[in-house]
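**Student:** entry-v1.pdb is reproduced in full below (PDB, C-alpha atoms, pLDDT in the B column).
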ATOM      1  CA  MET A  13     -67.665 -42.246  71.522  1.00 93.00           C
ATOM      2  CA  GLU A  14     -68.621 -38.739  72.536  1.00 95.00           C
ATOM      3  CA  ILE A  15     -71.864 -36.889  71.870  1.00 97.00           C
ATOM      4  CA  TRP A  16     -72.137 -33.102  71.844  1.00 97.00           C
ATOM      5  CA  ILE A  17     -75.556 -32.113  73.135  1.00 97.00           C
ATOM      6  CA  ASN A  18     -77.771 -29.315  74.293  1.00 96.00           C
ATOM      7  CA  PRO A  19     -80.033 -30.913  76.944  1.00 95.00           C
ATOM      8  CA  ALA A  20     -82.919 -28.656  75.862  1.00 95.00           C
ATOM      9  CA  CYS A  21     -82.826 -30.147  72.342  1.00 95.00           C
ATOM     10  CA  SER A  22     -85.346 -32.897  71.571  1.00 96.00           C
ATOM     11  CA  LYS A  23     -83.065 -34.388  68.869  1.00 96.00           C
ATOM     12  CA  CYS A  24     -80.272 -34.657  71.462  1.00 97.00           C
ATOM     13  CA  ARG A  25     -82.547 -36.349  73.980  1.00 96.00           C
ATOM     14  CA  GLY A  26     -83.719 -38.755  71.283  1.00 97.00           C
ATOM     15  CA  ALA A  27     -80.143 -39.626  70.342  1.00 97.00           C
ATOM     16  CA  LEU A  28     -79.250 -40.256  73.988  1.00 97.00           C
ATOM     17  CA  SER A  29     -82.289 -42.509  74.403  1.00 97.00           C
ATOM     18  CA  LEU A  30     -81.283 -44.553  71.377  1.00 96.00           C
ATOM     19  CA  LEU A  31     -77.665 -44.822  72.555  1.00 96.00           C
ATOM     20  CA  ASP A  32     -78.912 -45.998  75.955  1.00 97.00           C
ATOM     21  CA  ALA A  33     -81.329 -48.487  74.394  1.00 96.00           C
ATOM     22  CA  GLU A  34     -78.433 -49.946  72.401  1.00 93.00           C
ATOM     23  CA  GLY A  35     -76.209 -50.161  75.478  1.00 94.00           C
ATOM     24  CA  ALA A  36     -73.583 -47.862  73.959  1.00 94.00           C
ATOM     25  CA  GLU A  37     -70.732 -46.499  76.022  1.00 93.00           C
ATOM     26  CA  TYR A  38     -70.395 -42.777  75.456  1.00 95.00           C
ATOM     27  CA  THR A  39     -69.376 -39.499  77.027  1.00 96.00           C
ATOM     28  CA  VAL A  40     -71.736 -36.527  77.029  1.00 97.00           C
ATOM     29  CA  ARG A  41     -70.362 -33.098  76.239  1.00 97.00           C
ATOM     30  CA  ARG A  42     -72.733 -30.243  76.955  1.00 97.00           C
ATOM     31  CA  TYR A  43     -71.095 -28.042  74.375  1.00 97.00           C
ATOM     32  CA  LEU A  44     -72.842 -24.846  75.482  1.00 96.00           C
ATOM     33  CA  GLU A  45     -71.129 -25.239  78.876  1.00 97.00           C
ATOM     34  CA  GLU A  46     -67.896 -26.910  77.751  1.00 97.00           C
ATOM     35  CA  VAL A  47     -67.424 -24.833  74.616  1.00 97.00           C
ATOM     36  CA  PRO A  48     -65.272 -26.452  71.935  1.00 97.00           C
ATOM     37  CA  THR A  49     -62.135 -24.609  70.908  1.00 98.00           C
ATOM     38  CA  GLU A  50     -61.500 -23.626  67.316  1.00 98.00           C
ATOM     39  CA  ASP A  51     -59.067 -26.552  67.064  1.00 98.00           C
ATOM     40  CA  GLU A  52     -61.677 -28.998  68.385  1.00 97.00           C
ATOM     41  CA  ILE A  53     -64.194 -27.670  65.873  1.00 98.00           C
ATOM     42  CA  ARG A  54     -61.689 -28.133  63.035  1.00 98.00           C
ATOM     43  CA  VAL A  55     -61.054 -31.737  64.148  1.00 97.00           C
ATOM     44  CA  VAL A  56     -64.777 -32.505  64.288  1.00 97.00           C
ATOM     45  CA  LEU A  57     -65.305 -30.912  60.875  1.00 98.00           C
ATOM     46  CA  ASP A  58     -62.525 -33.095  59.455  1.00 97.00           C
ATOM     47  CA  ARG A  59     -64.101 -36.157  61.065  1.00 96.00           C
ATOM     48  CA  LEU A  60     -67.506 -35.180  59.674  1.00 96.00           C
ATOM     49  CA  GLY A  61     -66.091 -34.422  56.233  1.00 96.00           C
ATOM     50  CA  LEU A  62     -68.021 -31.137  56.321  1.00 97.00           C
ATOM     51  CA  GLU A  63     -67.350 -27.424  56.243  1.00 98.00           C
ATOM     52  CA  PRO A  64     -68.265 -25.090  59.124  1.00 98.00           C
ATOM     53  CA  TRP A  65     -71.191 -23.594  57.215  1.00 98.00           C
ATOM     54  CA  ASP A  66     -72.600 -27.124  56.885  1.00 98.00           C
ATOM     55  CA  ILE A  67     -73.028 -27.408  60.668  1.00 98.00           C
ATOM     56  CA  THR A  68     -74.093 -23.828  61.373  1.00 98.00           C
ATOM     57  CA  ARG A  69     -77.599 -23.228  62.672  1.00 97.00           C
ATOM     58  CA  THR A  70     -78.369 -20.238  60.460  1.00 96.00           C
ATOM     59  CA  GLN A  71     -81.812 -19.629  61.969  1.00 95.00           C
ATOM     60  CA  GLU A  72     -80.461 -18.852  65.447  1.00 95.00           C
ATOM     61  CA  ALA A  73     -80.842 -15.228  66.546  1.00 96.00           C
ATOM     62  CA  VAL A  74     -77.076 -14.784  66.835  1.00 97.00           C
ATOM     63  CA  ALA A  75     -76.637 -16.081  63.271  1.00 97.00           C
ATOM     64  CA  LYS A  76     -79.019 -13.435  62.042  1.00 96.00           C
ATOM     65  CA  GLU A  77     -77.224 -10.770  64.102  1.00 97.00           C
ATOM     66  CA  LEU A  78     -73.891 -11.810  62.608  1.00 97.00           C
ATOM     67  CA  GLY A  79     -75.347 -12.053  59.108  1.00 97.00           C
ATOM     68  CA  VAL A  80     -73.787 -15.468  58.505  1.00 97.00           C
ATOM     69  CA  THR A  81     -76.056 -16.241  55.563  1.00 95.00           C
ATOM     70  CA  GLU A  82     -74.235 -13.476  53.697  1.00 97.00           C
ATOM     71  CA  TRP A  83     -70.753 -14.820  54.484  1.00 98.00           C
ATOM     72  CA  GLY A  84     -68.661 -16.450  51.788  1.00 97.00           C
ATOM     73  CA  ARG A  85     -68.344 -20.199  51.626  1.00 97.00           C
ATOM     74  CA  ALA A  86     -64.899 -20.644  50.165  1.00 97.00           C
ATOM     75  CA  GLU A  87     -61.648 -21.910  51.676  1.00 95.00           C
ATOM     76  CA  GLU A  88     -60.579 -18.374  52.593  1.00 97.00           C
ATOM     77  CA  ASP A  89     -63.844 -17.925  54.568  1.00 97.00           C
ATOM     78  CA  ARG A  90     -63.487 -21.123  56.602  1.00 97.00           C
ATOM     79  CA  GLU A  91     -61.647 -19.623  59.577  1.00 98.00           C
ATOM     80  CA  ARG A  92     -64.244 -16.867  59.999  1.00 98.00           C
ATOM     81  CA  TRP A  93     -66.934 -19.544  60.306  1.00 98.00           C
ATOM     82  CA  VAL A  94     -64.871 -21.677  62.706  1.00 98.00           C
ATOM     83  CA  ALA A  95     -64.220 -18.631  64.914  1.00 98.00           C
ATOM     84  CA  ALA A  96     -67.952 -17.825  64.951  1.00 98.00           C
ATOM     85  CA  LEU A  97     -68.838 -21.390  66.005  1.00 98.00           C
ATOM     86  CA  ALA A  98     -66.306 -21.257  68.854  1.00 98.00           C
ATOM     87  CA  ALA A  99     -67.459 -17.794  69.962  1.00 98.00           C
ATOM     88  CA  HIS A 100     -71.166 -18.651  69.664  1.00 98.00           C
ATOM     89  CA  PRO A 101     -71.612 -22.401  70.317  1.00 98.00           C
ATOM     90  CA  LYS A 102     -75.402 -22.105  69.933  1.00 96.00           C
ATOM     91  CA  LEU A 103     -74.631 -21.966  66.217  1.00 98.00           C
ATOM     92  CA  ILE A 104     -73.300 -25.553  66.214  1.00 98.00           C
ATOM     93  CA  GLN A 105     -75.731 -28.114  64.816  1.00 97.00           C
ATOM     94  CA  ARG A 106     -76.521 -30.860  67.284  1.00 96.00           C
ATOM     95  CA  PRO A 107     -76.187 -33.559  68.324  1.00 98.00           C
ATOM     96  CA  ILE A 108     -72.778 -34.539  66.953  1.00 98.00           C
ATOM     97  CA  ILE A 109     -71.417 -37.999  67.708  1.00 97.00           C
ATOM     98  CA  THR A 110     -67.723 -38.669  67.332  1.00 93.00           C
ATOM     99  CA  ALA A 111     -67.478 -42.369  66.601  1.00 88.00           C
ATOM    100  CA  ASP A 112     -64.786 -44.740  67.783  1.00 83.00           C
ATOM    101  CA  ASP A 113     -63.435 -45.271  64.260  1.00 90.00           C
ATOM    102  CA  GLY A 114     -62.370 -41.617  63.969  1.00 91.00           C
ATOM    103  CA  SER A 115     -65.411 -40.464  62.027  1.00 93.00           C
ATOM    104  CA  ALA A 116     -68.317 -38.338  63.225  1.00 95.00           C
ATOM    105  CA  VAL A 117     -71.984 -37.822  62.349  1.00 96.00           C
ATOM    106  CA  VAL A 118     -74.555 -35.121  62.874  1.00 97.00           C
ATOM    107  CA  ALA A 119     -77.035 -37.387  64.653  1.00 96.00           C
ATOM    108  CA  ARG A 120     -80.355 -35.645  64.063  1.00 95.00           C
ATOM    109  CA  THR A 121     -82.071 -38.872  62.990  1.00 95.00           C
ATOM    110  CA  ASP A 122     -82.263 -42.387  64.416  1.00 95.00           C
ATOM    111  CA  GLU A 123     -80.576 -43.571  61.212  1.00 95.00           C
ATOM    112  CA  ALA A 124     -77.575 -41.292  61.834  1.00 95.00           C
ATOM    113  CA  VAL A 125     -77.282 -42.498  65.445  1.00 95.00           C
ATOM    114  CA  ARG A 126     -77.381 -46.104  64.246  1.00 94.00           C
ATOM    115  CA  ASP A 127     -74.692 -45.248  61.690  1.00 92.00           C
ATOM    116  CA  ALA A 128     -72.438 -44.028  64.517  1.00 92.00           C
ATOM    117  CA  LEU A 129     -73.256 -47.148  66.529  1.00 91.00           C
ATOM    118  CA  SER A 130     -72.291 -49.361  63.601  1.00 90.00           C
ATOM    119  CA  ARG A 131     -68.776 -47.912  63.811  1.00 83.00           C
ATOM    120  CA  ARG A 132     -68.177 -49.324  67.297  1.00 71.00           C
ATOM    121  CA  PRO A 133     -65.626 -52.077  67.787  1.00 66.00           C
ATOM    122  CA  ALA A 134     -67.242 -55.514  67.856  1.00 58.00           C
ATOM    123  CA  SER A 135     -66.154 -56.058  71.476  1.00 52.00           C
ATOM    124  CA  GLU A 136     -68.614 -53.459  72.831  1.00 47.00           C
TER     125      GLU A 136
END
Could you write out this file's structure as structure tokens?
**Tutor:**
Amino acid sequence: MEIWINPACSKCRGALSLLDAEGAEYTVRRYLEEVPTEDEIRVVLDRLGLEPWDITRTQEAVAKELGVTEWGRAEEDRERWVAALAAHPKLIQRPIITADDGSAVVARTDEAVRDALSRRPASE
């Protein structure tokens, strides 16, 4: 599994602590440094079963500058949102765990982290 984090984020640090406590094998992606491409964002959105506006941090300063709260939320608006997330990764909600079964979760709670852990193969 892979976890997208911002090391300054307390929710990210909490998720990492829980993964470590459970002995999970995972890869850390500091997504502000290793910025996801638009294609990677689309894949994660598909795995999450969410739309880009669902994982956008609308209270960030850059979100306010861009006026994202005024943007449409229909299929024809999707690419604008994806492009904004790739151009401004601070807008991406965190942490996001991509689970081994092909799914993903926004892991802001211990429950969500445990959900991702429950999707590990039994051999781990």
**Student:** Using all atoms listed in the file, I'd like a table of the residues in region 18-65 of chain A that come within 10 Å of region 87-91 of chain A; for each, show the closest atom pair and its distance in Å rounded to one decimal, ordered by chain and ascending number, as a tab-separated table.
**Tutor:**
residue	atom	partner	partner_atom	distance
A:Glu50	CA	A:Glu91	CA	8.7
A:Arg54	CA	A:Glu91	CA	9.2
A:Glu63	CA	A:Arg90	CA	7.4
A:Pro64	CA	A:Arg90	CA	6.7
A:Trp65	CA	A:Arg90	CA	8.1
**Student:** Exactly which residues make up the result of the PyMOL selection byres ((chain A and resi 107) around 6) on this file, given as a list in words?
**Tutor:** Trp16, Ile17, Cys24, Arg106, Ile108, Val118 and Ala119 of chain A
**Student:** Which of these, A:Ala98, A:Arg41, A:Arg25, A:Arg132, has the shortest distance to Ile53 (chain A) once you count only C-alpha atoms?
**Tutor:**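 The answer is A:Ala98, which sits nearest to Ile53 (chain A).
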**Student:** When you count only C-alpha atoms, which of these residues is closest to Arg120 (chain A): A:Arg42, A:Asp58, A:Pro101, A:Ile67?
**Tutor:**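 Ranking A:Arg42, A:Asp58, A:Pro101, A:Ile67 by distance to Arg120 (chain A), first place goes to A:Ile67.
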**Student:** Excluding Asp122 (chain A) and residues on its chain fewer than 2 positions from it, collect all residues at most 8 Å away from it, counting all atoms listed in the file, and give them as a CSV table (one decimal) with C-alpha atoms, in the coordinates of the input.
**Tutor:**
chain,number,residue,atom,x,y,z
A,26,GLY,CA,-83.7,-38.8,71.3
A,27,ALA,CA,-80.1,-39.6,70.3
A,30,LEU,CA,-81.3,-44.6,71.4
A,119,ALA,CA,-77.0,-37.4,64.7
A,120,ARG,CA,-80.4,-35.6,64.1
A,124,ALA,CA,-77.6,-41.3,61.8
A,125,VAL,CA,-77.3,-42.5,65.4
A,126,ARG,CA,-77.4,-46.1,64.2
**Student:** Check what the PyMOL selection byres ((chain A and resi 103) around 7) selects in the file above and give those residues as a list in words.
**Tutor:** Thr68, Arg69, Glu72, Ala75, Leu97, His100, Pro101, Lys102, Ile104 and Gln105 of chain A
**Student:** Compare A:Gly84, A:Pro19, A:Gly61, A:Pro48 by their minimum atom-to-atom distance to Ser115 (chain A), counting only C-alpha atoms, and give me the closest one.
**Tutor:**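 Among the listed residues, A:Gly61 lies closest to Ser115 (chain A).
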**Student:** Which residues, written as a ChimeraX atom specification, have at least one atom at most 7 Å from Ala128 (chain A), with all atoms listed in the file counted and residues fewer than 4 positions away on the same chain left out?
**Tutor:** /A:109,111,117,124
**Student:** Report, as JSON, the centre and edge lengths in Å (one decimal) of the axis-aligned box enclosing every listed atom of region 89-100 of chain A, padded by 8 Å on each side.
**Tutor:**
{"center_x": -66.4, "center_y": -19.3, "center_z": 62.3, "size_x": 25.5, "size_y": 20.8, "size_z": 31.4}
**Student:** I'd like to know which of A:Thr70, A:Thr121, A:Asn18, A:Ser29 is closest to Trp93 (chain A), using all atoms listed in the file.
**Tutor:**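 Among A:Thr70, A:Thr121, A:Asn18, A:Ser29, it is A:Thr70 that comes nearest to Trp93 (chain A).
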**Student:** So, counting only C-alpha atoms, which residue among A:Leu129, A:Val56, A:Leu62, A:Val47 is closest to Leu31 (chain A)?
**Tutor:** A:Leu129
**Student:** Write out as a list in words the residues lying within 6 Å of Glu14 (chain A), counting only C-alpha atoms and excluding same-chain residues fewer than 2 positions away.
**Tutor:**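 Contacts, in chain order: Tyr38, Thr39, Val40, Ile109 and Thr110 of chain A.
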**Student:** Using Å and a single decimal, report how far CA of Glu123 (chain A) sits from CA of Thr81 (chain A).
**Tutor:** 28.3 Å
**Student:** May I ask which of the residues A:Ala99, A:Glu37, A:Asp112, A:Gly79 is the closest one to Thr49 (chain A), counting all atoms listed in the file?
**Tutor:**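 Answer, going by the shortest atom-to-atom distance: A:Ala99.
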**Student:** Using Å and a single decimal, report how far CA of Ala20 (chain A) sits from CA of Ala116 (chain A).
**Tutor:**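 Computing the Euclidean distance for CA of Ala116 (chain A) and CA of Ala20 (chain A) yields 21.6 Å.
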**Student:** What is the distance between CA of Asp113 (chain A) and CA of Arg131 (chain A), in Å to one decimal?
**Tutor:**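 Interatomic distance here is 6.0 Å.
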**Student:** Start from the incomplete input, build N, CA, C and O atoms for region 93-107 of chain A, and deliver everything as a PDB file, in the coordinates of the input.
**Tutor:**
ATOM      1  N   TRP A  93     -65.839 -18.686  59.855  1.00 98.00           N
ATOM      2  CA  TRP A  93     -66.934 -19.544  60.306  1.00 98.00           C
ATOM      3  C   TRP A  93     -66.543 -20.328  61.560  1.00 98.00           C
ATOM      4  O   TRP A  93     -67.328 -20.421  62.504  1.00 98.00           O
ATOM      5  N   VAL A  94     -65.340 -20.898  61.552  1.00 98.00           N
ATOM      6  CA  VAL A  94     -64.871 -21.677  62.706  1.00 98.00           C
ATOM      7  C   VAL A  94     -64.820 -20.779  63.943  1.00 98.00           C
ATOM      8  O   VAL A  94     -65.274 -21.169  65.030  1.00 98.00           O
ATOM      9  N   ALA A  95     -64.297 -19.569  63.789  1.00 98.00           N
ATOM     10  CA  ALA A  95     -64.220 -18.631  64.914  1.00 98.00           C
ATOM     11  C   ALA A  95     -65.616 -18.299  65.432  1.00 98.00           C
ATOM     12  O   ALA A  95     -65.826 -18.206  66.649  1.00 98.00           O
ATOM     13  N   ALA A  96     -66.573 -18.134  64.540  1.00 98.00           N
ATOM     14  CA  ALA A  96     -67.952 -17.825  64.951  1.00 98.00           C
ATOM     15  C   ALA A  96     -68.558 -18.988  65.731  1.00 98.00           C
ATOM     16  O   ALA A  96     -69.246 -18.779  66.742  1.00 98.00           O
ATOM     17  N   LEU A  97     -68.304 -20.221  65.293  1.00 98.00           N
ATOM     18  CA  LEU A  97     -68.838 -21.390  66.005  1.00 98.00           C
ATOM     19  C   LEU A  97     -68.244 -21.496  67.405  1.00 98.00           C
ATOM     20  O   LEU A  97     -68.954 -21.835  68.355  1.00 98.00           O
ATOM     21  N   ALA A  98     -66.952 -21.198  67.537  1.00 98.00           N
ATOM     22  CA  ALA A  98     -66.306 -21.257  68.854  1.00 98.00           C
ATOM     23  C   ALA A  98     -66.799 -20.118  69.754  1.00 98.00           C
ATOM     24  O   ALA A  98     -66.993 -20.313  70.953  1.00 98.00           O
ATOM     25  N   ALA A  99     -67.014 -18.949  69.177  1.00 98.00           N
ATOM     26  CA  ALA A  99     -67.459 -17.794  69.962  1.00 98.00           C
ATOM     27  C   ALA A  99     -68.938 -17.872  70.318  1.00 98.00           C
ATOM     28  O   ALA A  99     -69.373 -17.325  71.338  1.00 98.00           O
ATOM     29  N   HIS A 100     -69.708 -18.557  69.484  1.00 98.00           N
ATOM     30  CA  HIS A 100     -71.166 -18.651  69.664  1.00 98.00           C
ATOM     31  C   HIS A 100     -71.592 -20.111  69.487  1.00 98.00           C
ATOM     32  O   HIS A 100     -72.153 -20.483  68.451  1.00 98.00           O
ATOM     33  N   PRO A 101     -71.348 -20.968  70.488  1.00 98.00           N
ATOM     34  CA  PRO A 101     -71.612 -22.401  70.317  1.00 98.00           C
ATOM     35  C   PRO A 101     -73.071 -22.742  70.012  1.00 98.00           C
ATOM     36  O   PRO A 101     -73.333 -23.824  69.486  1.00 98.00           O
ATOM     37  N   LYS A 102     -74.002 -21.831  70.300  1.00 96.00           N
ATOM     38  CA  LYS A 102     -75.402 -22.105  69.933  1.00 96.00           C
ATOM     39  C   LYS A 102     -75.553 -22.313  68.431  1.00 96.00           C
ATOM     40  O   LYS A 102     -76.522 -22.913  67.975  1.00 96.00           O
ATOM     41  N   LEU A 103     -74.583 -21.828  67.669  1.00 98.00           N
ATOM     42  CA  LEU A 103     -74.631 -21.966  66.217  1.00 98.00           C
ATOM     43  C   LEU A 103     -74.305 -23.377  65.741  1.00 98.00           C
ATOM     44  O   LEU A 103     -74.564 -23.722  64.594  1.00 98.00           O
ATOM     45  N   ILE A 104     -73.718 -24.204  66.619  1.00 98.00           N
ATOM     46  CA  ILE A 104     -73.300 -25.553  66.214  1.00 98.00           C
ATOM     47  C   ILE A 104     -74.505 -26.481  66.150  1.00 98.00           C
ATOM     48  O   ILE A 104     -75.261 -26.623  67.108  1.00 98.00           O
ATOM     49  N   GLN A 105     -74.664 -27.121  64.994  1.00 97.00           N
ATOM     50  CA  GLN A 105     -75.731 -28.114  64.816  1.00 97.00           C
ATOM     51  C   GLN A 105     -75.525 -29.243  65.819  1.00 97.00           C
ATOM     52  O   GLN A 105     -74.397 -29.596  66.153  1.00 97.00           O
ATOM     53  N   ARG A 106     -76.605 -29.812  66.278  1.00 96.00           N
ATOM     54  CA  ARG A 106     -76.521 -30.860  67.284  1.00 96.00           C
ATOM     55  C   ARG A 106     -77.587 -31.908  67.036  1.00 96.00           C
ATOM     56  O   ARG A 106     -78.569 -31.604  66.349  1.00 96.00           O
ATOM     57  N   PRO A 107     -77.372 -33.067  67.632  1.00 98.00           N
ATOM     58  CA  PRO A 107     -76.187 -33.559  68.324  1.00 98.00           C
ATOM     59  C   PRO A 107     -75.119 -34.012  67.313  1.00 98.00           C
ATOM     60  O   PRO A 107     -75.430 -34.355  66.183  1.00 98.00           O
TER      61      PRO A 107
END
